[in-house]
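**Student:** Once you've had a glance at the structure underneath, I'll fire off some questions.
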Amino acid sequence: MMKLAGLRTSRIARIFATGLVLSIIIGTLVFIWTLRLQEIGKWEKQTETYSVVLAENTSQQMDFAYSAITSIAERIQDRWSVSADYLSSKLATYDFHLFLKDKVELFPAIDVISVLDVNGNTISTSRQFPAPEYSLYDRDYFLMQRDNPTLGIYLSNPVRSKSTGKWMFFLSYRLNGSDGEFIGVVILGLSPEFYANFYEKLSMGGRAAVSLMRTDFTYLARWPENDAVMGEKNTSGSAFQLVHDKNQRSGVIVSDVASQSEPKQSVTQMVAVQSLEKYPLILSFAVDEDFYLEDWKKTSVSIAIVAAGAVIAVIIAFYMLINLFLQRERDMQVMTDLKRDADKINLKQNELLINLTEQQKAIKESSDRLQAIFQNAADGIVMVDDTGQVEAMNPVAIELFGFNEMAPENTDAVLMAFPGQAELLASAMKESDFLTSGRVRLEAETTRLDGTPFPAEFSISEYTLAGKRKLIIIVRDISERRKIERMKNEFISTVSHELRTPLTAIRGALGLLGGGAVAGLPPAMMPLLNIAQKNSESLTRLINDLLDLQKMEAGKMEFIYEDCALFPLLETAIQQNQAFAQSMSVELVLDTDAGMGADSLQERWLSVDAGRFQQVMANLISNACKFSPEGSQVRLYALAWADQMIRIIVADSGPGIPEIFQERIFKKFSQADASDTRSQSGTGLGLAISKMIVRQLHGEIGFYNASPAEGGGARFYVDLPLVIPPDLR
């Protein structure tokens, strides 16, 4: 019986071994195929990421090119667009050549900028002076601009430059004379070689191909470079299949294409395509199958070797196990009896052990997660008790405050008491936000352990552990943020000052022309001069607002305080803004019926900077006039308010302040209608500047929407402290 059982066991083992070998082989094949699908999926994401990065970079470069040609065209049309002859005479100068040359040097992708006359001849070019005598009359960009007055900026086919012989493609902009006639074209040449060199750097060591095409699939630039396809349309490639046939703007496609080295043979490529949103361009990023499956092939060979070794090992092991199995069967019966008794004893122990293990595992996982968050947080984290004694600091906090290490044995000796921080923690815990919600966020200057100061943002929260209150302080070094803000303010100040000087000259010249200083001007020019005058005044107000804002934020705006009667101040505000109110068809009145009478106003005195006070009134009154219906009234009146305070109110009958806008109404660049088609112009700086001025005047500014019973509209108010009149002192 034992021999028969052994033979039966041997036969079963052989069958099982054969099945296991087949399972290993089939499993290996399935695993290799799964890895192939995963590798393809990984590369689809990677090629799409590369194409998105390249498309965004190309879009940024085109932003600059479009901005450059637009600024040049606008400058030409502002100054020299009277006629074609006048344009030719004014632009054929060395100064204008230098201006174009400076524009080209700002951006390496721009090869040349030129201005053409009505016949396609070069007037001025950035490449040389004087401009070479050649005609571009037959170029597509010249013909398109000449024959299409409303075309805008046109992106041309690539052509070989007549002066350098290199491939280029052009942006063109039509120039119109003062009567709207065609007087020339501004062209900006972009170098495909620049884009090819850039694409080469991101071509994965030359293993990928990158193409830039127009939306009609004409090649503009390519890596690897291929003169044979420049200017040709590719209507059989992957980009055409995806964008044209499948009607998709972007995506990844795998298809067979003709080999570059052997045109009669085809290769499988993965191509990621991106259509640029703002420009008529398509970018494709392609890699061959041999490249993106290279790692998979190496891995597959390794897996196959391992699987073969496993098959051999299984065969050897099973032959050894068959011999051992017979001996094991003889011992099994004895062990089975013993095991049955042991299993009964251990059953309950195993249940208890499993429960304990699961609980310990859950506790450890939770602890590991919290520790990982604490150790790897991007900001500094300090855990303290309510006395300010440090209990723990993460590595970022240790580095931020200048500790070399934070060993457990000296933690108790380290207090949150660096110079200035003990006061910071105590004051933060007294904030109303902290008292109501248990958390507060603030910015303050603090110091490192070595005394080095730095600005920081603190987020302080409280929690309870074992019945004791604890604090978590999240610290972020905002030195870089402060540096960026300072650079922004310096930039705005510099640009505003540089703009004010030429703008003053422009306003003066326009004023002289509008006032008849030059006789014989055509009547048709007067509306244009008026428009230019109004826009220059708007630009002046914008620059003044930017300068005021920069001065206020830097604390450099001077205030000259003087004692003034309230009534003359309000009368002056009415007089200075009456013309603006009339231009908006609105009546501006000093309402002594709704508030104090004239006599009472004469008895109230303020200590203010009169000029800055009028600036605040002008901002509030102009806003009220803008949003009031034609024929309505904007009322200015004053009320006694609190103890030794006066409230000055500007009331309109407009739609009121939208609820969604109320929280940010006094923030910089905030407007209730921020769309490109908003009905009222403005920068969104007036109310922000007004709030800063009012605070310097020791007052408060605010608003509320009036009820229908009060006439509706918005009510902006300024609360200022009163002073004793001079005759009563």
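Labels used: A, B, ... for chains in the order of the structure tokens, numbers from 1 for residues in each chain, and numbers from 1 for ligands as shown.
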Using DSSP on the backbone coordinates, identify all residues within stretch 555-680 of chain A classified as strand (DSSP E or B); present the result as a PyMOL selection string.
**Tutor:** chain A and resi 562-565+587-590+605-608+633-641+645-651
**Student:** Would you list the contacts of stretch 134-148 of chain A as a ChimeraX atom specification, taking every protein, DNA or RNA residue within 12 Å and counting only C-alpha atoms, but skipping same-chain residues closer than 3 positions in sequence?
**Tutor:** /A:114-125,130-131,151-163,169-176,181-189
**Student:** Using DSSP assignments from the backbone, pull out every residue in stretch 630-667 of chain A that falls under helix (DSSP H, G or I) and give it to me as a PyMOL selection string.
**Tutor:** chain A and resi 659-664
**Student:** Would you mind exporting C-alpha atoms of the selected residues as a PDB file, in the first residue's frame?
**Tutor:**
```
ATOM      1  CA  GLU A 659     -22.210  91.348  -2.670  1.00  0.00           C
ATOM      2  CA  ILE A 660     -19.539  89.200  -4.337  1.00  0.00           C
ATOM      3  CA  PHE A 661     -17.292  92.302  -4.681  1.00  0.00           C
ATOM      4  CA  GLN A 662     -17.766  93.805  -1.216  1.00  0.00           C
ATOM      5  CA  GLU A 663     -14.958  91.884   0.545  1.00  0.00           C
ATOM      6  CA  ARG A 664     -12.250  93.103  -1.878  1.00  0.00           C
TER       7      ARG A 664
END
```
**Student:** Pick out the residues sitting within 12 Å of A:Ala308, and hand them over as a PyMOL selection string; count only C-alpha atoms, and ignore anything fewer than 6 positions along from it in its own chain.
**Tutor:** chain A and resi 21-22+24-26+28-29+301-302+314-315
**Student:** Please list as JSON, numbers by chain every residue within 12 Å of A:Ser284, counting only C-alpha atoms and excluding residues in the same chain fewer than 2 positions away.
**Tutor:** {"A": [47, 48, 49, 50, 51, 52, 53, 54, 55, 58, 199, 203, 208, 209, 210, 211, 212, 213, 214, 215, 217, 219, 220, 221, 222, 223, 234, 237, 238, 239, 240, 242, 243, 249, 250, 251, 252, 253, 269, 270, 271, 272, 273, 274, 275, 276, 281, 282, 286, 287]}
**Student:** Using only C-alpha atoms, find the one residue out of A:Ser255, A:Gln576, A:Thr447, A:Gln61 that sits nearest to A:Gln615.
**Tutor:**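 Looking at the shortest contact to A:Gln615, the residue is A:Gln576.
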**Student:** Need the shell around A:Leu449: protein/DNA/RNA residues with any atom at most 8 Å away, counting only C-alpha atoms. Skip same-chain ones fewer than 2 positions apart. Format as a compact mmCIF listing (two decimals) with N, CA, C and O atoms, in the first residue's frame?
**Tutor:**
```
# COMPACT_ATOMS: atom_id res chain seq x y z
N PHE A 401 15.72 78.38 12.35
CA PHE A 401 16.12 79.15 13.51
C PHE A 401 17.61 79.01 13.84
O PHE A 401 18.10 79.58 14.81
N GLY A 402 18.33 78.20 13.04
CA GLY A 402 19.78 78.16 13.19
C GLY A 402 20.30 77.16 14.19
O GLY A 402 21.43 77.30 14.65
N PHE A 403 19.53 76.13 14.56
CA PHE A 403 20.03 75.08 15.45
C PHE A 403 20.86 74.09 14.64
O PHE A 403 20.49 73.73 13.51
N PHE A 418 13.54 83.48 21.60
CA PHE A 418 14.55 84.23 20.90
C PHE A 418 14.16 85.70 20.97
O PHE A 418 13.01 86.02 21.22
N THR A 447 14.08 86.52 14.67
CA THR A 447 15.53 86.33 14.56
C THR A 447 15.88 84.86 14.69
O THR A 447 15.14 84.07 15.28
N GLY A 451 21.08 85.56 16.15
CA GLY A 451 20.70 86.97 16.15
C GLY A 451 20.40 87.53 14.77
O GLY A 451 20.03 88.70 14.65
N THR A 452 20.50 86.73 13.71
CA THR A 452 20.21 87.21 12.35
C THR A 452 18.70 87.42 12.20
O THR A 452 17.91 86.50 12.41
```
**Student:** List the spatial neighbours of A:Lys667 as a VMD selection string - criterion: any atom at most 8 Å away, only C-alpha atoms, same-chain residues fewer than 5 positions off excluded.
**Tutor:** chain A and resid 685 687 to 688
**Student:** Take the residues just selected and output them with C-alpha atoms as an mmCIF file, in the first residue's frame.
**Tutor:**
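Saved result, selection11.cif, follows:
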```cif
data_model
loop_
_atom_site.group_PDB
_atom_site.id
_atom_site.type_symbol
_atom_site.label_atom_id
_atom_site.label_comp_id
_atom_site.auth_asym_id
_atom_site.auth_seq_id
_atom_site.Cartn_x
_atom_site.Cartn_y
_atom_site.Cartn_z
ATOM 1 C CA LEU A 685 -6.457 101.767 -7.442
ATOM 2 C CA LEU A 687 -10.304 103.156 -3.370
ATOM 3 C CA ALA A 688 -7.115 101.394 -2.214
#
```
**Student:** Might you pull out every residue within 9 Å of A:Ile72, with only C-alpha atoms counted and same-chain residues fewer than 4 positions away left off, and present them as a list in words?
**Tutor:**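 The neighbour list is Ser67, Ala68, Ile76, Gln77, Leu100, Lys103 and Val186 of chain A.
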**Student:** So how far away is atom CA of A:Ser607 from atom CA of A:Glu562, in Å?
**Tutor:**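 It comes out at 5.2 Å.
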**Student:** As an exercise, work out the distance from atom CA of A:Ile303 to atom CA of A:Arg207 in Å and give it to one decimal place.
**Tutor:**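 Atom-to-atom, atom CA of A:Ile303 and atom CA of A:Arg207 are spaced 25.8 Å apart.
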**Student:** With only C-alpha atoms as the basis for distance, which of A:Pro725, A:Pro658, A:Gly686, A:Gly611 is at the shortest distance from A:Tyr704?
**Tutor:**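 The closest residue to A:Tyr704 is A:Pro658.
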**Student:** Let me make sure I understand: among A:Pro655, A:Glu445, A:Ile649, A:Thr218, which one has the smallest atom-to-atom distance to A:Phe716 if we use only C-alpha atoms?
**Tutor:**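 Ranking A:Pro655, A:Glu445, A:Ile649, A:Thr218 by distance to A:Phe716, first place goes to A:Ile649.
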**Student:** Enter the distance from atom CA of A:Phe325 to atom CA of A:Leu338, in Å, rounded to one decimal.
**Tutor:**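 Pair atom CA of A:Phe325 / atom CA of A:Leu338 returns 19.2 Å.
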